[in-house]
>>> print(open('my_file-v4.json').read())   # JSON, C-alpha atoms
[["chain", "number", "residue", "atom", "x", "y", "z"],
["A", 1, "MET", "CA", -12.72, 7.21, -43.02],
["A", 2, "ALA", "CA", -9.37, 7.56, -44.69],
["A", 3, "VAL", "CA", -6.33, 8.83, -42.86],
["A", 4, "ALA", "CA", -3.60, 10.60, -44.76],
["A", 5, "MET", "CA", -0.26, 8.89, -44.30],
["A", 6, "LYS", "CA", 2.95, 10.75, -44.78],
["A", 7, "LYS", "CA", 5.51, 8.78, -46.74],
["A", 8, "VAL", "CA", 8.68, 8.33, -44.71],
["A", 9, "GLU", "CA", 11.79, 7.43, -46.61],
["A", 10, "ASN", "CA", 14.98, 6.08, -45.10],
["A", 11, "LYS", "CA", 13.55, 6.20, -41.57],
["A", 12, "ASP", "CA", 14.41, 3.37, -39.20],
["A", 13, "LEU", "CA", 11.01, 2.02, -38.13],
["A", 14, "ILE", "CA", 12.13, -1.11, -36.27],
["A", 15, "THR", "CA", 14.65, 0.13, -33.70],
["A", 16, "PRO", "CA", 13.01, 0.74, -30.32],
["A", 17, "HIS", "CA", 13.01, 4.38, -29.22],
["A", 18, "TRP", "CA", 13.96, 3.75, -25.61],
["A", 19, "HIS", "CA", 15.71, 7.02, -24.86],
["A", 20, "GLU", "CA", 12.49, 9.03, -24.80],
["A", 21, "LYS", "CA", 12.31, 12.02, -22.48],
["A", 22, "ALA", "CA", 9.41, 14.37, -21.83],
["A", 23, "LYS", "CA", 7.80, 16.51, -19.18],
["A", 24, "GLU", "CA", 5.32, 15.02, -16.73],
["A", 25, "ILE", "CA", 1.81, 14.96, -18.10],
["A", 26, "GLN", "CA", 0.24, 15.42, -14.65],
["A", 27, "LYS", "CA", 1.85, 16.84, -11.54],
["A", 28, "TYR", "CA", 1.73, 14.83, -8.32],
["A", 29, "GLY", "CA", -0.88, 16.33, -5.97],
["A", 30, "SER", "CA", -3.12, 17.53, -8.78],
["A", 31, "VAL", "CA", -6.31, 16.00, -10.15],
["A", 32, "VAL", "CA", -7.94, 15.98, -13.56],
["A", 33, "LYS", "CA", -10.30, 18.94, -13.41],
["A", 34, "ASP", "CA", -13.44, 17.48, -15.00],
["A", 35, "LEU", "CA", -14.54, 13.88, -14.57],
["A", 36, "PRO", "CA", -18.01, 12.31, -14.95],
["A", 37, "ASN", "CA", -18.10, 10.98, -11.37],
["A", 38, "ALA", "CA", -20.18, 13.80, -9.81],
["A", 39, "LEU", "CA", -17.39, 14.82, -7.39],
["A", 40, "GLU", "CA", -15.95, 18.32, -7.55],
["A", 41, "SER", "CA", -12.23, 18.62, -8.19],
["A", 42, "ASP", "CA", -11.52, 20.11, -4.74],
["A", 43, "VAL", "CA", -13.17, 17.09, -3.06],
["A", 44, "ARG", "CA", -11.25, 14.68, -5.28],
["A", 45, "GLU", "CA", -7.99, 16.52, -4.61],
["A", 46, "ALA", "CA", -8.50, 16.33, -0.84],
["A", 47, "MET", "CA", -9.42, 12.64, -1.02],
["A", 48, "CYS", "CA", -6.40, 11.86, -3.22],
["A", 49, "ALA", "CA", -4.07, 13.53, -0.72],
["A", 50, "LYS", "CA", -5.48, 11.41, 2.11],
["A", 51, "LEU", "CA", -5.49, 8.27, -0.04],
["A", 52, "ASN", "CA", -1.86, 8.85, -1.04],
["A", 53, "GLN", "CA", -0.91, 9.01, 2.64],
["A", 54, "LEU", "CA", -2.78, 5.75, 3.22],
["A", 55, "LEU", "CA", -1.10, 4.29, 0.15],
["A", 56, "ALA", "CA", 2.40, 5.24, 1.35],
["A", 57, "ASP", "CA", 1.75, 3.69, 4.75],
["A", 58, "SER", "CA", 0.21, 0.57, 3.20],
["A", 59, "ILE", "CA", 3.21, 0.14, 0.88],
["A", 60, "THR", "CA", 5.49, 0.43, 3.92],
["A", 61, "LEU", "CA", 3.49, -2.18, 5.83],
["A", 62, "ARG", "CA", 3.44, -4.47, 2.79],
["A", 63, "ASP", "CA", 7.22, -4.26, 2.50],
["A", 64, "MET", "CA", 7.71, -4.82, 6.24],
["A", 65, "TYR", "CA", 5.74, -8.06, 5.93],
["A", 66, "LYS", "CA", 8.09, -9.28, 3.19],
["A", 67, "LYS", "CA", 11.18, -8.21, 5.19],
["A", 68, "HIS", "CA", 9.96, -10.12, 8.24],
["A", 69, "HIS", "CA", 8.94, -13.10, 6.07],
["A", 70, "TRP", "CA", 12.55, -13.35, 4.90],
["A", 71, "GLN", "CA", 14.16, -12.65, 8.28],
["A", 72, "VAL", "CA", 11.94, -14.46, 10.82],
["A", 73, "ALA", "CA", 13.64, -17.11, 12.99],
["A", 74, "GLY", "CA", 12.93, -19.20, 16.06],
["A", 75, "PRO", "CA", 10.55, -21.93, 17.19],
["A", 76, "THR", "CA", 7.56, -20.35, 15.42],
["A", 77, "PHE", "CA", 9.50, -19.82, 12.19],
["A", 78, "TYR", "CA", 7.30, -21.98, 9.99],
["A", 79, "GLN", "CA", 3.97, -20.51, 11.13],
["A", 80, "LEU", "CA", 5.17, -16.91, 11.00],
["A", 81, "HIS", "CA", 7.04, -17.38, 7.71],
["A", 82, "LEU", "CA", 3.75, -18.48, 6.13],
["A", 83, "LEU", "CA", 1.60, -15.92, 7.96],
["A", 84, "PHE", "CA", 3.87, -12.98, 7.04],
["A", 85, "ASP", "CA", 3.81, -14.03, 3.39],
["A", 86, "LYS", "CA", 0.01, -14.44, 3.42],
["A", 87, "HIS", "CA", -0.40, -10.96, 4.92],
["A", 88, "PHE", "CA", 2.10, -9.57, 2.39],
["A", 89, "GLU", "CA", -0.04, -10.92, -0.48],
["A", 90, "GLU", "CA", -3.18, -9.43, 1.07],
["A", 91, "GLN", "CA", -1.43, -6.07, 1.45],
["A", 92, "VAL", "CA", -0.39, -6.22, -2.23],
["A", 93, "GLU", "CA", -4.10, -6.29, -3.11],
["A", 94, "ILE", "CA", -4.91, -3.48, -0.65],
["A", 95, "VAL", "CA", -2.15, -1.30, -2.13],
["A", 96, "ASP", "CA", -3.51, -1.87, -5.64],
["A", 97, "VAL", "CA", -7.09, -1.01, -4.63],
["A", 98, "ILE", "CA", -5.98, 2.26, -2.98],
["A", 99, "ALA", "CA", -3.82, 3.21, -5.99],
["A", 100, "GLU", "CA", -6.65, 2.52, -8.41],
["A", 101, "ARG", "CA", -9.02, 4.68, -6.36],
["A", 102, "ILE", "CA", -6.57, 7.58, -6.56],
["A", 103, "GLN", "CA", -6.32, 7.22, -10.33],
["A", 104, "LEU", "CA", -10.11, 6.86, -10.62],
["A", 105, "LEU", "CA", -10.48, 10.19, -8.78],
["A", 106, "GLY", "CA", -8.16, 11.81, -11.32],
["A", 107, "GLY", "CA", -5.10, 11.92, -9.08],
["A", 108, "VAL", "CA", -1.56, 10.61, -9.33],
["A", 109, "THR", "CA", -0.41, 7.79, -7.06],
["A", 110, "ILE", "CA", 2.73, 7.86, -5.00],
["A", 111, "ALA", "CA", 4.70, 4.87, -6.25],
["A", 112, "MET", "CA", 8.47, 4.88, -5.86],
["A", 113, "GLY", "CA", 10.18, 3.58, -2.74],
["A", 114, "ALA", "CA", 12.13, 6.77, -2.04],
["A", 115, "ASP", "CA", 8.96, 8.87, -2.28],
["A", 116, "VAL", "CA", 7.05, 6.43, -0.06],
["A", 117, "ALA", "CA", 9.85, 6.54, 2.55],
["A", 118, "GLU", "CA", 9.66, 10.35, 2.67],
["A", 119, "VAL", "CA", 5.90, 10.36, 3.22],
["A", 120, "SER", "CA", 5.18, 7.27, 5.33],
["A", 121, "GLN", "CA", 4.26, 7.81, 8.98],
["A", 122, "ILE", "CA", 5.38, 4.29, 9.88],
["A", 123, "GLN", "CA", 8.72, 4.01, 11.62],
["A", 124, "ARG", "CA", 11.35, 2.45, 9.40],
["A", 125, "PRO", "CA", 12.81, -0.81, 10.76],
["A", 126, "PRO", "CA", 16.57, -1.38, 10.72],
["A", 127, "ARG", "CA", 18.12, -3.26, 7.81],
["A", 128, "GLY", "CA", 19.18, -6.12, 10.04],
["A", 129, "ARG", "CA", 17.19, -8.96, 11.57],
["A", 130, "GLU", "CA", 15.17, -8.42, 14.74],
["A", 131, "GLU", "CA", 13.65, -10.82, 17.26],
["A", 132, "VAL", "CA", 10.15, -12.14, 16.55],
["A", 133, "PRO", "CA", 8.37, -10.09, 19.28],
["A", 134, "VAL", "CA", 9.96, -6.91, 17.89],
["A", 135, "GLN", "CA", 8.97, -7.82, 14.31],
["A", 136, "ILE", "CA", 5.38, -8.41, 15.41],
["A", 137, "SER", "CA", 5.30, -5.23, 17.50],
["A", 138, "ARG", "CA", 6.50, -3.20, 14.51],
["A", 139, "LEU", "CA", 3.80, -4.71, 12.33],
["A", 140, "LEU", "CA", 1.13, -4.02, 14.97],
["A", 141, "ASP", "CA", 2.29, -0.39, 15.27],
["A", 142, "ALA", "CA", 2.02, -0.06, 11.48],
["A", 143, "HIS", "CA", -1.47, -1.57, 11.48],
["A", 144, "ARG", "CA", -2.51, 0.88, 14.22],
["A", 145, "VAL", "CA", -1.39, 3.83, 12.05],
["A", 146, "ILE", "CA", -3.35, 2.52, 9.06],
["A", 147, "ILE", "CA", -6.46, 1.66, 11.10],
["A", 148, "GLU", "CA", -6.54, 5.20, 12.56],
["A", 149, "GLU", "CA", -6.07, 6.67, 9.07],
["A", 150, "CYS", "CA", -8.91, 4.54, 7.69],
["A", 151, "ARG", "CA", -11.34, 5.71, 10.35],
["A", 152, "LYS", "CA", -10.49, 9.37, 9.75],
["A", 153, "LEU", "CA", -10.58, 8.94, 5.97],
["A", 154, "ALA", "CA", -13.97, 7.21, 6.11],
["A", 155, "GLU", "CA", -15.37, 10.05, 8.20],
["A", 156, "ASP", "CA", -13.92, 12.74, 5.91],
["A", 157, "ALA", "CA", -15.13, 10.94, 2.78],
["A", 158, "ASP", "CA", -18.62, 10.60, 4.26],
["A", 159, "LYS", "CA", -18.77, 14.34, 5.02],
["A", 160, "ALA", "CA", -17.52, 15.13, 1.49],
["A", 161, "GLY", "CA", -20.09, 12.85, -0.16],
["A", 162, "ASP", "CA", -17.42, 10.51, -1.55],
["A", 163, "ASP", "CA", -19.16, 7.19, -0.93],
["A", 164, "GLY", "CA", -16.62, 5.20, -2.98],
["A", 165, "THR", "CA", -13.67, 6.34, -0.87],
["A", 166, "ASN", "CA", -15.69, 5.80, 2.31],
["A", 167, "ASP", "CA", -16.47, 2.23, 1.25],
["A", 168, "LEU", "CA", -12.85, 1.55, 0.27],
["A", 169, "ALA", "CA", -11.53, 2.87, 3.58],
["A", 170, "VAL", "CA", -13.86, 0.66, 5.62],
["A", 171, "SER", "CA", -14.36, -2.47, 3.53],
["A", 172, "ASP", "CA", -11.12, -2.83, 1.59],
["A", 173, "VAL", "CA", -8.55, -1.43, 4.03],
["A", 174, "LEU", "CA", -9.85, -1.12, 7.60],
["A", 175, "ARG", "CA", -11.40, -4.57, 7.96],
["A", 176, "PRO", "CA", -8.47, -6.55, 6.49],
["A", 177, "ASN", "CA", -6.00, -4.57, 8.63],
["A", 178, "GLU", "CA", -8.05, -5.23, 11.75],
["A", 179, "LEU", "CA", -8.10, -8.94, 10.94],
["A", 180, "GLN", "CA", -4.36, -9.07, 10.25],
["A", 181, "SER", "CA", -3.56, -7.22, 13.49],
["A", 182, "TRP", "CA", -5.72, -9.70, 15.42],
["A", 183, "PHE", "CA", -3.85, -12.66, 13.91],
["A", 184, "LEU", "CA", -0.52, -11.04, 14.77],
["A", 185, "SER", "CA", -1.40, -10.01, 18.30],
["A", 186, "GLN", "CA", -2.24, -13.60, 19.23],
["A", 187, "HIS", "CA", 1.42, -14.49, 18.68],
["A", 188, "LEU", "CA", 2.39, -12.21, 21.57],
["A", 189, "VAL", "CA", 0.25, -14.00, 24.16],
["A", 190, "GLU", "CA", 2.54, -15.49, 26.79],
["A", 191, "MET", "CA", 1.75, -19.16, 26.59],
["A", 192, "PRO", "CA", 4.18, -22.11, 26.50],
["A", 193, "LEU", "CA", 4.34, -24.16, 23.34],
["A", 194, "THR", "CA", 3.49, -27.26, 25.39],
["A", 195, "PHE", "CA", 1.90, -27.81, 28.78],
["A", 196, "ALA", "CA", 3.46, -30.00, 31.46],
["A", 197, "GLU", "CA", 1.28, -31.90, 33.93]]
>>> encode(input="my_file-v4.json", output="structure tokens")
Amino acid sequence: MAVAMKKVENKDLITPHWHEKAKEIQKYGSVVKDLPNALESDVREAMCAKLNQLLADSITLRDMYKKHHWQVAGPTFYQLHLLFDKHFEEQVEIVDVIAERIQLLGGVTIAMGADVAEVSQIQRPPRGREEVPVQISRLLDAHRVIIEECRKLAEDADKAGDDGTNDLAVSDVLRPNELQSWFLSQHLVEMPLTFAE
């Protein structure tokens, strides 16, 4: 099949066009109306709204892990420095899975920090450094918010017939958050670092 090419004379074809401006191609909060995934647009729109809330809270938790990774201090510095970074990396994957589910359902993901801060239900920590028990308590509070959201989302997705979102909420988000909160909570057990006889 031949394609007609228009001859362009004296046009600069090698300079990058990096000042491009245009209208949005899809408004946040909307979904593509017709997709071959057997879910009606109203179901997908409702799921995307709930998933975007979960995404905003997961992004906040992810970023809190990195903040605490950088700012942790004290006798358990080494262990917590590594643990916070490990949990950060796991949250990076969780965030990506949630965002991809939103896009798969025809929605638009929340993405920018300012937008996330407006939407997140997780209390924002101060800019400065906090003591280890406070850092851990903040992280546990954030996990609690996400765990409650996951349970509600799974139930709503089940009722709506959205098995994919139900599975994501339980397998990809709930279970890893439960595991991370368990690892964290064990650092708040009052036990001396060594035992004297």
>>> residues_near_point(input="my_file-v4.json", point="(5.4, 6.8, 8.1)", cutoff="10 Å", atoms="all atoms listed in the file", output="PyMOL selection string")
chain A and resi 53-54+56-58+60-61+116-124+142+145-146
>>> closest_residue(input="my_file-v4.json", among="A:His17, A:His81, A:Arg101, A:His187", to="Asp172 of chain A", atoms="all atoms listed in the file")
A:Arg101
>>> axis_aligned_box(input="my_file-v4.json", around="segment 137-149 of chain A", padding_each_side="8 Å", output="AutoDock Vina command-line options")
--center_x 0.0 --center_y 0.7 --center_z 13.3 --size_x 29.0 --size_y 27.9 --size_z 24.4
>>> residues_around(input="my_file-v4.json", residues="Asn166 of chain A", least_positions_apart="4", cutoff="12 Å", atoms="only C-alpha atoms", output="ChimeraX atom specification")
/A:47,50-51,98,101,149-162,170-174
>>> atom_distance(input="my_file-v4.json", atom1="atom CA of Leu104 of chain A", atom2="atom CA of Arg144 of chain A")
26.7 Å
>>> closest_residue(input="my_file-v4.json", among="A:Asp141, A:Asp63, A:Glu24, A:Glu130", to="Gln91 of chain A", atoms="all atoms listed in the file")
A:Asp63
>>> closest_residue(input="my_file-v4.json", among="A:Gln71, A:Thr109, A:Gln135, A:Gln180", to="Ile59 of chain A", atoms="all atoms listed in the file")
A:Thr109
>>> closest_residue(input="my_file-v4.json", among="A:Val97, A:Val72, A:Ile25, A:Val108", to="Arg44 of chain A", atoms="all atoms listed in the file")
A:Val108
>>> atom_distance(input="my_file-v4.json", atom1="atom CA of Tyr65 of chain A", atom2="atom CA of Phe88 of chain A")
5.3 Å
>>> residues_around(input="my_file-v4.json", residues="Trp182 of chain A", least_positions_apart="2", cutoff="12 Å", atoms="only C-alpha atoms", output="ChimeraX atom specification")
/A:87,136,139-140,143-144,175-180,184-189
>>> closest_residue(input="my_file-v4.json", among="A:Gln79, A:Pro125, A:Val132, A:Leu55", to="Ala169 of chain A", atoms="only C-alpha atoms")
A:Leu55
>>> atom_distance(input="my_file-v4.json", atom1="atom CA of Ile147 of chain A", atom2="atom CA of Met112 of chain A")
22.8 Å
>>> decode(input="my_file-v4.json", residues="segment 108-135 of chain A", atoms="N, CA and C atoms", output="CSV table (one decimal), in the first residue's frame")
chain,number,residue,atom,x,y,z
A,108,VAL,N,-7.6,7.3,34.1
A,108,VAL,CA,-6.4,8.1,34.1
A,108,VAL,C,-5.8,8.1,35.6
A,109,THR,N,-4.6,7.7,35.7
A,109,THR,CA,-4.0,7.6,37.0
A,109,THR,C,-3.6,9.0,37.6
A,110,ILE,N,-3.8,9.1,38.9
A,110,ILE,CA,-3.2,10.3,39.6
A,110,ILE,C,-1.7,10.0,39.6
A,111,ALA,N,-0.9,11.1,39.4
A,111,ALA,CA,0.5,10.8,39.3
A,111,ALA,C,1.4,11.9,39.9
A,112,MET,N,1.0,13.1,39.9
A,112,MET,CA,1.9,14.2,40.4
A,112,MET,C,1.8,14.4,41.9
A,113,GLY,N,3.0,14.7,42.5
A,113,GLY,CA,3.1,14.8,44.0
A,113,GLY,C,2.0,15.8,44.5
A,114,ALA,N,1.8,16.9,43.9
A,114,ALA,CA,0.9,17.9,44.5
A,114,ALA,C,-0.5,17.3,44.4
A,115,ASP,N,-0.9,16.6,43.4
A,115,ASP,CA,-2.2,16.0,43.3
A,115,ASP,C,-2.4,14.9,44.3
A,116,VAL,N,-1.3,14.1,44.5
A,116,VAL,CA,-1.4,13.0,45.4
A,116,VAL,C,-1.6,13.6,46.8
A,117,ALA,N,-0.8,14.7,47.2
A,117,ALA,CA,-0.9,15.3,48.5
A,117,ALA,C,-2.3,15.8,48.8
A,118,GLU,N,-3.0,16.3,47.8
A,118,GLU,CA,-4.4,16.8,47.9
A,118,GLU,C,-5.4,15.7,48.2
A,119,VAL,N,-5.1,14.5,47.7
A,119,VAL,CA,-6.1,13.4,47.7
A,119,VAL,C,-5.8,12.4,48.9
A,120,SER,N,-4.5,12.2,49.2
A,120,SER,CA,-4.2,11.2,50.2
A,120,SER,C,-4.8,11.4,51.5
A,121,GLN,N,-5.3,10.2,52.1
A,121,GLN,CA,-5.9,10.2,53.4
A,121,GLN,C,-4.8,10.0,54.5
A,122,ILE,N,-3.6,9.8,54.1
A,122,ILE,CA,-2.5,9.6,55.1
A,122,ILE,C,-2.0,10.9,55.6
A,123,GLN,N,-1.8,11.0,56.9
A,123,GLN,CA,-1.3,12.3,57.5
A,123,GLN,C,0.1,12.5,57.0
A,124,ARG,N,0.3,13.7,56.6
A,124,ARG,CA,1.7,14.1,56.1
A,124,ARG,C,2.6,14.3,57.3
A,125,PRO,N,3.8,13.7,57.2
A,125,PRO,CA,4.8,13.9,58.2
A,125,PRO,C,5.5,15.2,58.1
A,126,PRO,N,6.1,15.7,59.2
A,126,PRO,CA,6.9,17.0,59.0
A,126,PRO,C,8.1,16.8,58.1
A,127,ARG,N,8.7,17.9,57.7
A,127,ARG,CA,9.8,17.8,56.8
A,127,ARG,C,11.1,17.3,57.6
A,128,GLY,N,11.1,17.6,58.9
A,128,GLY,CA,12.3,17.3,59.7
A,128,GLY,C,12.3,15.8,60.1
A,129,ARG,N,13.4,15.5,60.8
A,129,ARG,CA,13.6,14.1,61.3
A,129,ARG,C,12.8,13.9,62.5
A,130,GLU,N,12.3,12.6,62.6
A,130,GLU,CA,11.5,12.2,63.8
A,130,GLU,C,12.2,11.0,64.5
A,131,GLU,N,11.9,10.7,65.7
A,131,GLU,CA,12.4,9.6,66.4
A,131,GLU,C,11.9,8.3,65.7
A,132,VAL,N,12.7,7.2,65.9
A,132,VAL,CA,12.3,5.9,65.3
A,132,VAL,C,10.9,5.4,65.6
A,133,PRO,N,10.5,5.5,66.9
A,133,PRO,CA,9.2,5.0,67.2
A,133,PRO,C,8.1,5.8,66.5
A,134,VAL,N,8.3,7.1,66.3
A,134,VAL,CA,7.3,7.9,65.6
A,134,VAL,C,7.3,7.6,64.1
A,135,GLN,N,8.5,7.4,63.6
A,135,GLN,CA,8.6,7.0,62.1
A,135,GLN,C,7.8,5.7,61.9
